[in-house]
Each structure stands twice: as C-alpha cells, then as structure tokens.
$ cat my_file24.cif   # mmCIF, C-alpha atoms
data_protein
loop_
_atom_site.label_atom_id
_atom_site.label_comp_id
_atom_site.auth_asym_id
_atom_site.auth_seq_id
_atom_site.Cartn_x
_atom_site.Cartn_y
_atom_site.Cartn_z
CA MET D 1 0.00 0.00 0.00
CA PRO D 2 1.49 3.40 -0.98
CA ASP D 3 2.30 5.66 1.98
CA ASP D 4 2.21 9.43 2.49
CA GLU D 5 5.73 9.86 1.08
CA PHE D 6 4.61 8.16 -2.13
CA PHE D 7 1.73 10.60 -2.63
CA ILE D 8 3.88 13.61 -1.72
CA ARG D 9 6.41 12.58 -4.38
CA ARG D 10 3.60 12.03 -6.87
CA PHE D 11 2.14 15.45 -6.00
CA ALA D 12 5.52 17.20 -6.38
CA THR D 13 6.32 15.42 -9.65
CA ALA D 14 2.92 16.18 -11.16
CA ARG D 15 3.11 19.81 -10.15
CA ALA D 16 6.63 20.17 -11.53
CA SER D 17 5.52 18.72 -14.85
CA GLY D 18 2.43 20.94 -15.00
CA ASP D 19 -0.04 18.07 -14.61
CA ALA D 20 -2.57 19.88 -12.43
CA ALA D 21 -5.12 17.05 -12.45
CA ALA D 22 -2.61 14.48 -11.22
CA ALA D 23 -1.27 16.89 -8.59
CA THR D 24 -4.80 17.52 -7.30
CA GLU D 25 -5.56 13.81 -7.24
CA ALA D 26 -2.44 13.08 -5.18
CA TRP D 27 -3.13 15.98 -2.83
CA ASN D 28 -6.74 14.87 -2.28
CA GLU D 29 -5.57 11.34 -1.55
CA LEU D 30 -3.16 12.68 1.06
CA MET D 31 -5.99 14.53 2.75
CA ILE D 32 -8.13 11.39 2.82
CA ARG D 33 -5.29 9.36 4.34
CA ASN D 34 -4.76 12.02 6.98
CA ARG D 35 -8.42 12.73 7.73
CA ASP D 36 -8.16 11.13 11.19
CA ARG D 37 -5.04 13.14 12.01
CA ILE D 38 -6.88 16.33 11.09
CA ALA D 39 -9.89 15.23 13.16
CA GLY D 40 -7.51 14.58 16.07
CA PHE D 41 -6.06 18.09 15.83
CA VAL D 42 -9.60 19.48 15.75
CA ARG D 43 -10.49 17.69 18.97
CA LEU D 44 -7.32 18.98 20.63
CA HIS D 45 -7.70 22.55 19.38
CA THR D 46 -7.55 25.14 22.13
CA PHE D 47 -8.74 28.69 21.52
CA THR D 48 -6.77 31.59 22.95
CA SER D 49 -9.32 31.73 25.76
CA GLY D 50 -8.18 28.24 26.77
CA SER D 51 -11.47 26.61 25.82
CA ARG D 52 -11.82 23.62 23.52
CA LEU D 53 -14.46 22.93 20.89
CA ARG D 54 -17.70 21.42 22.09
CA PRO D 55 -18.41 17.90 20.75
CA GLU D 56 -21.41 19.13 18.77
CA HIS D 57 -19.06 21.42 16.85
CA TYR D 58 -16.43 18.83 15.90
CA ASP D 59 -17.95 18.06 12.50
CA ASP D 60 -18.28 21.66 11.41
CA ALA D 61 -14.78 22.56 12.58
CA LEU D 62 -13.46 19.48 10.79
CA GLN D 63 -15.21 20.69 7.64
CA CYS D 64 -13.37 24.03 7.87
CA ALA D 65 -10.07 22.27 8.51
CA LEU D 66 -10.44 19.86 5.58
CA LEU D 67 -11.07 22.76 3.25
CA ARG D 68 -8.04 24.60 4.62
CA VAL D 69 -5.90 21.54 3.96
CA LEU D 70 -7.13 21.22 0.38
CA LYS D 71 -6.52 24.92 -0.26
CA MET D 72 -2.96 24.55 1.02
CA ALA D 73 -1.89 22.60 -2.09
CA GLY D 74 -0.87 25.62 -4.10
CA ASN D 75 1.57 26.80 -1.46
CA PHE D 76 3.05 23.58 -0.15
CA ARG D 77 6.70 23.28 -1.09
CA GLY D 78 7.71 20.48 1.28
CA SER D 79 9.04 17.15 0.14
CA THR D 80 8.54 14.92 3.17
CA ALA D 81 5.62 13.43 5.07
CA ALA D 82 6.85 15.15 8.23
CA GLU D 83 6.57 18.56 6.56
CA TYR D 84 3.12 17.68 5.30
CA ARG D 85 1.98 16.64 8.79
CA ALA D 86 3.25 19.81 10.36
CA ALA D 87 1.49 21.81 7.65
CA LEU D 88 -1.72 19.89 8.41
CA LYS D 89 -1.47 20.96 12.02
CA THR D 90 -1.19 24.62 11.11
CA ALA D 91 -3.95 24.39 8.50
CA THR D 92 -6.19 22.72 11.08
CA TYR D 93 -5.44 25.49 13.54
CA TYR D 94 -6.58 28.07 11.02
CA GLY D 95 -9.61 25.93 10.14
CA CYS D 96 -10.67 25.82 13.78
CA MET D 97 -10.17 29.57 14.07
CA ASP D 98 -12.35 29.99 10.95
CA PHE D 99 -15.02 27.97 12.63
CA GLY D 100 -14.68 29.86 15.91
CA ARG D 101 -15.08 33.20 14.15
CA GLU D 102 -18.04 31.87 12.21
CA LEU D 103 -19.69 30.55 15.35
CA MET D 104 -19.10 33.79 17.20
CA ALA D 105 -20.58 35.78 14.34
CA HIS D 106 -23.55 33.42 14.20
CA GLU D 107 -24.17 33.69 17.93
CA LYS D 108 -23.99 37.46 17.76
CA GLY D 109 -26.47 37.33 14.89
CA ILE D 110 -24.28 39.16 12.40
CA ALA D 111 -23.75 36.32 9.97
CA GLY D 112 -27.08 36.87 8.30
CA SER D 113 -28.84 34.20 6.30
CA LEU D 114 -28.81 32.98 2.75
CA ASP D 115 -32.11 34.77 2.22
CA GLU D 116 -30.71 38.12 3.23
CA THR D 117 -30.90 40.73 0.50
CA TYR D 118 -28.18 43.14 -0.55
CA GLU D 119 -28.03 46.40 1.24
CA ASP D 120 -27.94 49.57 -0.79
CA GLY D 121 -24.39 50.40 -1.82
CA ASP D 122 -23.04 47.07 -0.58
CA ALA D 123 -20.95 46.05 -3.58
CA ASP D 124 -20.03 42.68 -2.10
CA GLY D 125 -23.60 41.70 -1.80
CA GLY D 126 -24.90 41.01 1.68
CA ARG D 127 -23.15 40.50 4.95
CA LEU D 128 -22.83 36.76 4.63
CA GLY D 129 -21.48 36.99 1.09
CA ALA D 130 -18.92 39.59 2.17
CA LYS D 131 -17.96 37.52 5.18
CA LEU D 132 -17.41 34.40 3.08
CA ALA D 133 -15.44 36.35 0.49
CA GLN D 134 -13.22 37.80 3.22
CA TRP D 135 -12.76 34.35 4.73
CA LEU D 136 -11.71 32.85 1.39
CA ASP D 137 -9.18 35.67 0.89
CA GLU D 138 -7.74 35.14 4.36
CA MET D 139 -7.51 31.41 3.71
CA ALA D 140 -5.43 31.95 0.58
CA ARG D 141 -3.07 34.33 2.37
CA GLU D 142 -2.62 32.12 5.40
CA ALA D 143 -2.00 29.01 3.28
CA ALA D 144 1.31 30.51 2.20
CA GLU D 145 2.31 31.11 5.82
CA THR D 146 1.22 27.60 6.75
CA ALA D 147 3.58 25.90 4.32
CA GLU D 148 6.53 28.00 5.42
CA ARG D 149 5.88 27.46 9.10
CA ALA D 150 5.64 23.70 8.57
CA ARG D 151 9.28 23.47 7.51
CA SER D 152 10.57 25.04 10.70
CA ASP D 153 8.15 23.08 12.90
CA VAL D 154 9.43 19.75 11.61
CA ALA D 155 13.05 20.68 12.07
CA PHE D 156 12.24 21.89 15.56
CA VAL D 157 10.52 18.69 16.68
CA ARG D 158 13.29 16.56 15.21
CA TRP D 159 15.76 18.61 17.17
CA ALA D 160 13.61 18.20 20.30
CA ILE D 161 13.55 14.38 20.00
CA GLY D 162 17.35 14.43 19.93
CA LYS D 163 17.33 16.46 23.14
CA ILE D 164 15.54 13.80 25.22
CA PRO D 165 18.29 13.13 27.79
CA ASN D 166 17.46 9.53 28.69
CA GLU D 167 18.86 7.36 25.90
CA GLU D 168 16.32 4.56 26.41
CA HIS D 169 13.39 6.95 26.34
CA ARG D 170 14.80 8.76 23.30
CA GLU D 171 15.22 5.50 21.35
CA VAL D 172 11.68 4.35 22.11
CA VAL D 173 10.24 7.74 21.07
CA ARG D 174 12.30 7.71 17.87
CA LEU D 175 11.13 4.18 16.97
CA THR D 176 7.55 5.16 17.84
CA PHE D 177 7.69 8.06 15.41
CA ASP D 178 9.09 5.66 12.83
CA GLY D 179 5.78 3.81 13.07
CA LYS D 180 6.93 0.80 15.05
CA SER D 181 4.38 -0.92 17.31
CA ALA D 182 5.06 -1.62 20.97
CA PRO D 183 5.90 -5.32 20.35
CA GLU D 184 8.30 -4.34 17.53
CA ILE D 185 10.01 -1.77 19.74
CA ALA D 186 10.21 -4.27 22.60
CA ALA D 187 11.93 -6.74 20.29
CA ALA D 188 14.26 -4.07 18.87
CA VAL D 189 15.49 -2.73 22.20
CA GLY D 190 15.27 -6.00 24.11
CA THR D 191 12.71 -5.18 26.79
CA SER D 192 9.13 -5.99 27.73
CA ILE D 193 6.04 -4.38 26.19
CA PRO D 194 4.94 -2.74 29.50
CA ASN D 195 8.45 -1.29 29.73
CA VAL D 196 8.09 0.13 26.21
CA HIS D 197 4.79 1.75 27.23
CA GLN D 198 6.46 3.30 30.25
CA ARG D 199 9.52 4.56 28.34
CA ARG D 200 7.33 5.90 25.56
CA SER D 201 5.08 7.79 27.94
CA ARG D 202 8.02 9.29 29.84
CA GLY D 203 9.83 10.10 26.61
CA MET D 204 6.76 11.79 25.14
CA ARG D 205 6.32 13.79 28.34
CA THR D 206 9.93 14.95 28.15
CA LEU D 207 9.57 15.72 24.46
CA GLU D 208 6.49 17.81 25.10
CA ARG D 209 8.33 19.73 27.88
CA ILE D 210 11.35 20.39 25.66
CA ILE D 211 9.07 21.66 22.91
CA ARG D 212 7.11 23.87 25.30
CA ASP D 213 10.25 25.29 26.98
CA ASN D 214 11.94 26.08 23.68
CA ALA D 215 9.02 27.35 21.63
CA ALA D 216 9.79 31.03 21.28
CA MET F 1 -11.59 3.27 38.09
CA THR F 2 -9.48 5.31 35.66
CA THR F 3 -6.67 4.11 33.39
CA PRO F 4 -3.14 5.47 33.92
CA PRO F 5 -2.30 8.15 31.31
CA GLU F 6 0.74 6.26 30.01
CA GLN F 7 -1.45 3.25 29.29
CA VAL F 8 -4.05 5.42 27.56
CA LEU F 9 -1.36 7.01 25.40
CA ALA F 10 0.11 3.60 24.59
CA GLU F 11 -3.29 2.24 23.63
CA PHE F 12 -3.99 5.28 21.47
CA ILE F 13 -0.69 4.94 19.59
CA ASP F 14 -1.06 1.19 19.10
CA ALA F 15 -4.66 1.56 17.90
CA TRP F 16 -3.56 4.35 15.55
CA ASN F 17 -0.76 2.30 14.06
CA ALA F 18 -3.10 -0.67 13.65
CA GLY F 19 -5.51 1.48 11.60
CA GLN F 20 -8.28 1.21 14.19
CA ARG F 21 -9.04 4.95 14.05
CA PRO F 22 -8.90 5.74 17.79
CA ASP F 23 -10.95 8.71 18.97
CA VAL F 24 -8.95 11.45 20.71
CA ALA F 25 -11.84 12.73 22.82
CA GLU F 26 -12.72 9.25 24.02
CA HIS F 27 -9.13 8.59 25.09
CA LEU F 28 -8.85 11.94 26.87
CA GLY F 29 -12.03 11.09 28.74
CA ARG F 30 -10.39 8.02 30.21
CA VAL F 31 -8.00 9.98 32.43
CA PRO F 32 -8.85 12.27 35.36
CA GLU F 33 -9.46 15.92 34.51
CA LYS F 34 -6.17 17.11 36.03
CA GLN F 35 -4.13 14.74 33.80
CA ARG F 36 -6.05 15.54 30.62
CA ALA F 37 -4.00 18.53 29.47
CA GLU F 38 -0.75 16.60 29.64
CA LEU F 39 -2.19 13.61 27.80
CA ALA F 40 -3.58 16.01 25.18
CA ARG F 41 -0.10 17.45 24.60
CA GLN F 42 1.36 13.96 24.22
CA ILE F 43 -1.32 12.91 21.74
CA ASP F 44 -0.81 16.20 19.90
CA ALA F 45 2.93 15.48 19.63
CA TRP F 46 2.10 12.03 18.28
CA LEU F 47 -0.35 13.39 15.70
CA THR F 48 2.22 15.98 14.61
CA LEU F 49 4.92 13.51 13.75
CA GLY F 50 3.56 9.97 13.93
CA PRO F 51 3.22 8.04 10.65
CA SER F 52 -0.13 7.51 8.98
CA PRO F 53 -1.73 4.11 9.56
CA ASP F 54 -1.69 1.61 6.74
CA TYR F 55 -5.47 1.72 6.20
CA ASP F 56 -7.14 -1.05 4.28
CA GLU F 57 -9.26 -0.27 1.21
CA ALA F 58 -12.56 -0.58 3.10
CA THR F 59 -11.45 2.05 5.62
CA LEU F 60 -10.26 4.40 2.89
CA ALA F 61 -13.56 3.96 1.07
CA ALA F 62 -15.45 4.80 4.27
CA ILE F 63 -13.39 7.98 4.72
CA ARG F 64 -13.93 9.00 1.10
CA ALA F 65 -17.68 8.55 1.55
CA GLU F 66 -17.91 10.83 4.60
CA PRO F 67 -20.11 13.86 3.86
CA ALA F 68 -17.54 16.27 5.32
CA VAL F 69 -14.83 14.87 3.05
CA GLN F 70 -17.09 14.94 0.00
CA ARG F 71 -18.19 18.51 0.68
CA ALA F 72 -14.61 19.68 1.13
CA LEU F 73 -13.49 17.99 -2.09
CA ALA F 74 -16.42 19.44 -4.04
CA ALA F 75 -15.79 22.91 -2.59
CA ALA F 76 -12.13 22.79 -3.56
CA ARG F 77 -12.99 21.57 -7.07
CA LEU F 78 -15.48 24.38 -7.53
CA ALA F 79 -13.00 27.01 -6.33
CA GLN F 80 -10.27 25.65 -8.60
CA ALA F 81 -12.56 25.45 -11.62
CA ARG F 82 -13.75 29.01 -11.07
CA GLU F 83 -10.14 30.17 -10.83
CA ASP F 84 -9.19 28.22 -13.96
CA ALA F 85 -12.07 29.87 -15.79
CA SER F 86 -10.90 33.30 -14.53
CA LEU F 87 -14.34 34.07 -13.16
CA SER F 88 -15.02 36.13 -10.05
CA ALA F 89 -17.72 34.88 -7.69
CA GLU F 90 -20.09 37.51 -9.04
CA GLN F 91 -19.33 36.59 -12.64
CA LEU F 92 -20.05 32.94 -11.89
CA ALA F 93 -23.35 33.90 -10.27
CA GLN F 94 -24.25 35.92 -13.37
CA ALA F 95 -23.30 33.04 -15.66
CA LEU F 96 -25.43 30.69 -13.56
CA VAL F 97 -28.43 33.01 -13.82
CA GLU F 98 -28.07 33.08 -17.59
CA GLU F 99 -27.50 29.34 -17.88
CA THR F 100 -30.47 28.35 -15.74
CA GLY F 101 -32.85 31.13 -16.71
CA LEU F 102 -33.16 32.50 -13.18
CA ALA F 103 -34.64 35.97 -12.85
CA PRO F 104 -32.01 38.76 -12.68
CA GLU F 105 -33.09 39.70 -9.16
CA GLN F 106 -32.18 36.18 -8.01
CA ARG F 107 -28.52 36.68 -8.89
CA GLU F 108 -27.62 37.95 -5.45
CA LYS F 109 -29.06 34.97 -3.63
CA ALA F 110 -27.54 32.58 -6.17
CA GLY F 111 -24.18 34.26 -5.50
CA ARG F 112 -24.53 33.67 -1.78
CA MET F 113 -25.47 30.05 -2.36
CA LEU F 114 -22.43 29.59 -4.60
CA ALA F 115 -20.22 31.14 -1.92
CA ALA F 116 -21.68 28.74 0.65
CA LEU F 117 -21.06 25.80 -1.70
CA GLU F 118 -17.48 26.95 -2.25
CA ALA F 119 -17.02 27.16 1.52
CA GLY F 120 -18.20 23.56 1.98
CA ARG F 121 -21.37 24.69 3.71
CA LEU F 122 -24.01 23.03 1.55
CA SER F 123 -25.03 19.41 1.53
CA LEU F 124 -24.19 17.87 -1.83
CA ALA F 125 -27.37 15.82 -1.61
CA GLY F 126 -29.31 19.08 -1.83
CA LEU F 127 -27.84 20.14 -5.18
CA SER F 128 -30.26 19.76 -8.05
CA GLN F 129 -29.28 18.01 -11.27
CA ARG F 130 -30.11 21.26 -13.05
CA LEU F 131 -27.50 23.10 -10.99
CA VAL F 132 -24.86 20.38 -11.43
CA ASP F 133 -25.43 20.37 -15.18
CA ALA F 134 -25.30 24.16 -15.40
CA LEU F 135 -22.06 24.39 -13.40
CA GLY F 136 -20.66 21.60 -15.52
CA ARG F 137 -21.32 23.56 -18.69
CA ILE F 138 -20.01 26.87 -17.32
CA LEU F 139 -16.90 25.48 -15.64
CA ARG F 140 -16.39 22.29 -17.65
CA LEU F 141 -16.80 20.20 -14.54
CA PRO F 142 -17.97 16.58 -14.71
CA ALA F 143 -21.12 15.70 -12.76
CA GLU F 144 -18.96 13.51 -10.47
CA ALA F 145 -17.41 16.71 -9.11
CA PHE F 146 -20.50 17.01 -6.93
CA ALA F 147 -21.09 13.33 -6.25
CA ALA F 148 -22.96 12.78 -3.01
CA SER F 149 -23.12 9.04 -2.74
CA ALA F 150 -22.88 8.96 1.04
CA GLU F 151 -25.07 11.91 1.86
CA THR F 152 -28.60 10.87 2.56
CA GLY F 153 -31.53 12.53 4.20
CA GLN F 154 -29.97 15.97 4.26
CA ALA F 155 -31.64 17.65 1.33
CA GLY F 156 -32.72 21.12 2.22
CA ALA F 157 -30.57 21.38 5.30
CA LEU F 158 -27.35 23.23 5.84
CA ALA F 159 -24.65 20.88 7.01
CA PHE F 160 -24.62 21.60 10.72
CA ARG F 161 -24.84 18.58 12.95
CA ALA F 162 -23.07 16.66 15.72
CA ASP F 163 -21.29 13.37 15.22
CA ALA F 164 -22.28 11.83 18.54
CA GLU F 165 -25.04 9.24 18.48
CA PRO F 166 -28.24 10.57 20.06
CA ALA F 167 -29.50 8.76 23.11
CA ALA F 168 -32.08 6.18 22.14
CA GLU F 169 -34.90 7.94 23.97
CA ALA F 170 -34.17 11.21 22.14
CA ALA F 171 -33.81 9.69 18.69
CA GLY F 172 -37.53 9.96 17.84
CA ASP F 173 -37.70 13.62 18.82
CA LEU F 174 -34.54 14.40 16.89
CA GLU F 175 -35.91 12.67 13.81
CA LEU F 176 -39.09 14.77 14.00
CA LEU F 177 -36.96 17.88 14.41
CA ARG F 178 -34.80 16.93 11.43
CA ARG F 179 -37.86 16.42 9.23
CA GLY F 180 -39.22 19.78 10.33
CA ILE F 181 -35.97 21.53 9.51
CA GLU F 182 -35.70 19.87 6.15
CA ALA F 183 -39.29 20.45 5.07
CA PRO F 184 -39.26 23.36 2.65
CA SER F 185 -41.34 26.33 3.66
CA ALA F 186 -43.94 27.07 1.01
CA ARG F 187 -43.68 30.76 1.86
CA ASP F 188 -39.89 31.17 1.54
CA TRP F 189 -38.88 28.41 -0.85
CA ASP F 190 -37.96 29.86 -4.23
CA GLU F 191 -36.27 28.74 -7.42
CA VAL F 192 -32.77 29.35 -6.05
CA ASP F 193 -33.55 27.15 -3.05
CA GLU F 194 -34.85 24.50 -5.43
CA LEU F 195 -31.63 24.73 -7.40
CA PHE F 196 -29.25 24.47 -4.44
CA LEU F 197 -31.27 22.64 -1.80
CA GLY F 198 -33.96 20.72 -3.63
CA GLY F 199 -31.95 17.60 -4.41
CA ARG F 200 -31.84 15.57 -7.62
#

$ encode --input "my_file24.cif" --output "structure tokens"
Amino acid sequence: MPDDEFFIRRFATARASGDAAAATEAWNELMIRNRDRIAGFVRLHTFTSGSRLRPEHYDDALQCALLRVLKMAGNFRGSTAAEYRAALKTATYYGCMDFGRELMAHEKGIAGSLDETYEDGDADGGRLGAKLAQWLDEMAREAAETAERARSDVAFVRWAIGKIPNEEHREVVRLTFDGKSAPEIAAAVGTSIPNVHQRRSRGMRTLERIIRDNAA
Amino acid sequence: MTTPPEQVLAEFIDAWNAGQRPDVAEHLGRVPEKQRAELARQIDAWLTLGPSPDYDEATLAAIRAEPAVQRALAAARLAQAREDASLSAEQLAQALVEETGLAPEQREKAGRMLAALEAGRLSLAGLSQRLVDALGRILRLPAEAFAASAETGQAGALAFRADAEPAAEAAGDLELLRRGIEAPSARDWDEVDELFLGGR
C-alpha cells in the first residue's frame, strides 16, 4: 500500500511537470489518508481563551479544517511526510479559528442568512457573502504562511527528540515516530512491552516539555 | 476506576498504528481531569509527527464517503474550476443566472449560495441536477465533481450537525426535528432554493 511519502512525491512530480489534475488527485488522496489526524487536531484545538471545541461542533470545525488543507496545495513546497503533517497541524489550527469566528458571528447574529438581500451600496452583496469572500481571501493568504511554518516546525521537533536526555526513552520515542508498534520496539530494544509503554510515555512527556520550553 | 495516562497514550498509539481509528476525545475522557492537558499534549505530539496508519481499502472507502470529506473535495474543485475559468464569484453567479434562466433579481441569492457551496457549507445531496449540469457547462466540470453518494436525508438542510449518536430515547424527537428543519417552507422556498437545496 502506498504511503504518504509516495503521494507527496507524486504530487511534487505532477506539479513540476504541469499536470494539475494528477497533482490535485495526489493531494486529495493525502488529505483522505490524513483525515483522522486532522480530526484529532480538531479535537485537541484550544482557543486563545483556553477553551476547547464542544463535541457538537467537531464536524463543522473538521469541515473548515479539511477545506483549509485542500486549499494549502498551491503553497506547499515540502518534500517529506513530516513537513506535510506539520502543515496539516497549522492548517487545522486556522480551520478551527475559521469555525470559531463563524460561530461567534452566528451567535452574535451578524452572519445573516442565505435569504438576506443586498443592502444599498453594498458592492459585495450582503453580509454573509462579504464575510465568506473575506474568509476565502484570508484562507489563501494564510495558506502561504502555513507551508513556510511547517518546515521550521518539523526541524524543531526533530531537534527536540534528539534532546531527550534519557537514551532509552529517546530511542523508544524515535522508533515510535518511525511507526513501530510496541511489540516491535520491545523486540528491537530487548525489553518488555509494558516497559516500552512506560519509556514511551516518559519520553513523550519529556519531548512535550522540551518543545514547550523552547518554543519562542 | 481510571486508566493510567501512560497506558491510555500507549493504547492510542497502538490503535492508531493498527488502523483502528482511535478517537482522541474518548481517550482523553479516560483519564482524570487534572491529567487531561498533559495527555492532550502527548497525543498532539504524536499526531504531529507519527506516521499515517496503513489503512485497508474498506477504511479508505469509508473515509472518502464521509459527507464532510465529499463537501470539502467538491468545494475545492469548484474554487479551482472558477479560478481556472478566470471568473469572479459575481461573474459565476451571473453566468449561472443566464445558464439556468433564473430571474435577474435572483442573482444575489444565487451568489450567496455559490459562496456557501465553495465554503463547503451546503449538503451535496441538496444540489439539483439542473445546478450540477449548469455548473458543468459553465466550468467544464464533470457531474462527479459534486457526487454525493454517502449523503442521505440531508436535502434542504445546511450541514450543521453533531457526530455523537443521540440517546435512544431522544432519537424519535430528533428525527421529528430533522424532518421539520428539512421540510421546505412554502412561503420562503424559491427557485434558487430548489436549485441548491432541492436535491436531484
């Protein structure tokens, strides 16, 4: 079964050769294969107020995030799955913020409805139309920032894994991020599965602390 | 009795790698409130760098058939096709009015509906064949661009809903509510609604 790297190479090759249809197909396939990752980021999203999304809003926020990810294709210049994943995270962040703004506007009653008529002199045609047009413009602008930020995020997390001081924990985290299961890691490092779980949890905790302490 | 966070994280990662599609919220709910933020950060780190599962074809087909995925794909296709045709949103609305024979005063509402479709806000099941055909002619899009094979029972409704299963005792009430929401109002329903929300 082809993996993410395969579709990223296919996307990059198609784009370089000017085959827009093939590039889009590869990009869409990547989104489908990473739908659960995007959904996971949505569930973990924290607004600046510290609050998380309510369960009844997961689907709508996911919808915004999926669209953000698809719109990111034109600006993505990465060549690895790690860069793509980091870009997904940023795109999902913006998607959740889109949803948050939309929800806030809706709750304040300023979003209008699809039956709203144009106001005199309103060239954009209705508050909802103007809001959506503004949102689409913002999405295009932020997609460029997303792709750029992804590159530095990946390098940063790779650096952080290398900074885990305990060698056993570091090795288990590294193998985990390589996609190895607990039994495979246990066999590779010569320990028990419960021990792998423990090292992985402690290593992940250390990794998270290193990332948090060093994120400028 | 609660599960230790390290075990919850381990189970999440193993289920992820096995392609079992673990639910983040469900796993977070298995640890005490005070440990939830730390577990969330660890899962977030995993999602940021962990490899994608090796999904089987049935799982991939199920993901492709999800309404949210289909709406996002259709929205992106529409936006790309409009860009390829060098049409502004207003120009597309005007072209749609001409193609479908809508009254000129309906252009504004058609424009808003198109914007909602391009933002992934409309159920694909609500799109009429007349609309799909018209967009196909204007933008040279195949009818499959708006395929809605998995979307059922949503015609006439904007796509706002929760993914949690309703409690059994509330299911009947929710179904009545859904039917009420979806039933077109004779007073407000117009040709643009029929075009975008009436279904095929």

$ resolve_selection --input "my_file24.cif" --expression "the PyMOL selection byres ((chain D) within 6 of (chain F))" --output "list in words"
Arg37, Gly40, Glu56, Gln63, Leu67, Arg85, Ala86, Gly129, Phe177, Gly179, His197, Ser201 and Met204 of chain D

$ resolve_selection --input "my_file24.cif" --expression "the PyMOL selection byres ((chain F and resi 31) around 7)" --output "MDAnalysis selection string"
chainID F and resid 2:5 28:30 32:33 35:36

$ residues_near_point --input "my_file24.cif" --point "(-0.6, 22.4, -2.3)" --cutoff "10 Å" --atoms "all atoms listed in the file" --output "VMD selection string"
chain D and resid 8 11 to 12 15 23 to 24 26 to 28 69 to 78 84 143 to 144 147

$ atom_distance --input "my_file24.cif" --atom1 "atom CA of D:Arg101" --atom2 "atom CA of D:Arg35"
22.5 Å

$ resolve_selection --input "my_file24.cif" --expression "the PyMOL selection byres ((chain D and resi 6) around 12)" --output "list in words"
Met1, Pro2, Asp3, Asp4, Glu5, Phe7, Ile8, Arg9, Arg10, Phe11, Ala12, Thr13, Ala26, Trp27, Glu29, Leu30, Arg33, Ser79, Thr80 and Ala81 of chain D

$ atom_distance --input "my_file24.cif" --atom1 "atom CA of D:Met104" --atom2 "atom CA of F:Leu122"
19.6 Å

$ atom_distance --input "my_file24.cif" --atom1 "atom CA of D:Ala22" --atom2 "atom CA of F:Ala93"
28.4 Å

$ closest_residue --input "my_file24.cif" --among "D:Arg205, D:His45, D:Arg174, D:His106" --to "D:Lys89" --atoms "only C-alpha atoms"
D:His45

$ closest_residue --input "my_file24.cif" --among "D:Leu207, D:Ala14, D:Ile164, D:Leu103" --to "D:Arg54" --atoms "all atoms listed in the file"
D:Leu103

$ residues_near_point --input "my_file24.cif" --point "(9.9, 7.4, 23.7)" --cutoff "8 Å" --atoms "all atoms listed in the file" --output "ChimeraX atom specification"
/D:168-176,196,199-204

$ build_atoms --input "my_file24.cif" --residues "stretch 114-127 of chain F" --atoms "N, CA and C atoms" --output "PDB file, keeping the file's coordinate frame"
ATOM      1  N   LEU F 114     -23.691  30.070  -4.009  1.00  0.00           N
ATOM      2  CA  LEU F 114     -22.430  29.590  -4.600  1.00  0.00           C
ATOM      3  C   LEU F 114     -21.274  29.758  -3.611  1.00  0.00           C
ATOM      4  N   ALA F 115     -21.272  30.899  -2.912  1.00  0.00           N
ATOM      5  CA  ALA F 115     -20.220  31.140  -1.920  1.00  0.00           C
ATOM      6  C   ALA F 115     -20.296  30.089  -0.815  1.00  0.00           C
ATOM      7  N   ALA F 116     -21.511  29.761  -0.392  1.00  0.00           N
ATOM      8  CA  ALA F 116     -21.680  28.740   0.650  1.00  0.00           C
ATOM      9  C   ALA F 116     -21.214  27.375   0.152  1.00  0.00           C
ATOM     10  N   LEU F 117     -21.503  27.080  -1.115  1.00  0.00           N
ATOM     11  CA  LEU F 117     -21.060  25.800  -1.700  1.00  0.00           C
ATOM     12  C   LEU F 117     -19.535  25.758  -1.764  1.00  0.00           C
ATOM     13  N   GLU F 118     -18.938  26.889  -2.128  1.00  0.00           N
ATOM     14  CA  GLU F 118     -17.480  26.950  -2.250  1.00  0.00           C
ATOM     15  C   GLU F 118     -16.794  26.921  -0.878  1.00  0.00           C
ATOM     16  N   ALA F 119     -17.566  27.216   0.161  1.00  0.00           N
ATOM     17  CA  ALA F 119     -17.020  27.160   1.520  1.00  0.00           C
ATOM     18  C   ALA F 119     -17.351  25.833   2.188  1.00  0.00           C
ATOM     19  N   GLY F 120     -17.899  24.884   1.429  1.00  0.00           N
ATOM     20  CA  GLY F 120     -18.200  23.560   1.980  1.00  0.00           C
ATOM     21  C   GLY F 120     -19.385  23.569   2.927  1.00  0.00           C
ATOM     22  N   ARG F 121     -20.280  24.541   2.764  1.00  0.00           N
ATOM     23  CA  ARG F 121     -21.370  24.690   3.710  1.00  0.00           C
ATOM     24  C   ARG F 121     -22.702  24.089   3.247  1.00  0.00           C
ATOM     25  N   LEU F 122     -22.754  23.593   2.040  1.00  0.00           N
ATOM     26  CA  LEU F 122     -24.010  23.030   1.550  1.00  0.00           C
ATOM     27  C   LEU F 122     -23.906  21.526   1.382  1.00  0.00           C
ATOM     28  N   SER F 123     -24.977  20.858   1.738  1.00  0.00           N
ATOM     29  CA  SER F 123     -25.030  19.410   1.530  1.00  0.00           C
ATOM     30  C   SER F 123     -25.066  19.117   0.034  1.00  0.00           C
ATOM     31  N   LEU F 124     -24.208  18.215  -0.406  1.00  0.00           N
ATOM     32  CA  LEU F 124     -24.190  17.870  -1.830  1.00  0.00           C
ATOM     33  C   LEU F 124     -25.484  17.176  -2.250  1.00  0.00           C
ATOM     34  N   ALA F 125     -26.109  16.507  -1.293  1.00  0.00           N
ATOM     35  CA  ALA F 125     -27.370  15.820  -1.610  1.00  0.00           C
ATOM     36  C   ALA F 125     -28.467  16.815  -1.958  1.00  0.00           C
ATOM     37  N   GLY F 126     -28.299  18.068  -1.550  1.00  0.00           N
ATOM     38  CA  GLY F 126     -29.310  19.080  -1.830  1.00  0.00           C
ATOM     39  C   GLY F 126     -29.185  19.690  -3.217  1.00  0.00           C
ATOM     40  N   LEU F 127     -28.056  19.500  -3.876  1.00  0.00           N
ATOM     41  CA  LEU F 127     -27.840  20.140  -5.180  1.00  0.00           C
ATOM     42  C   LEU F 127     -28.732  19.485  -6.236  1.00  0.00           C
TER      43      LEU F 127
END
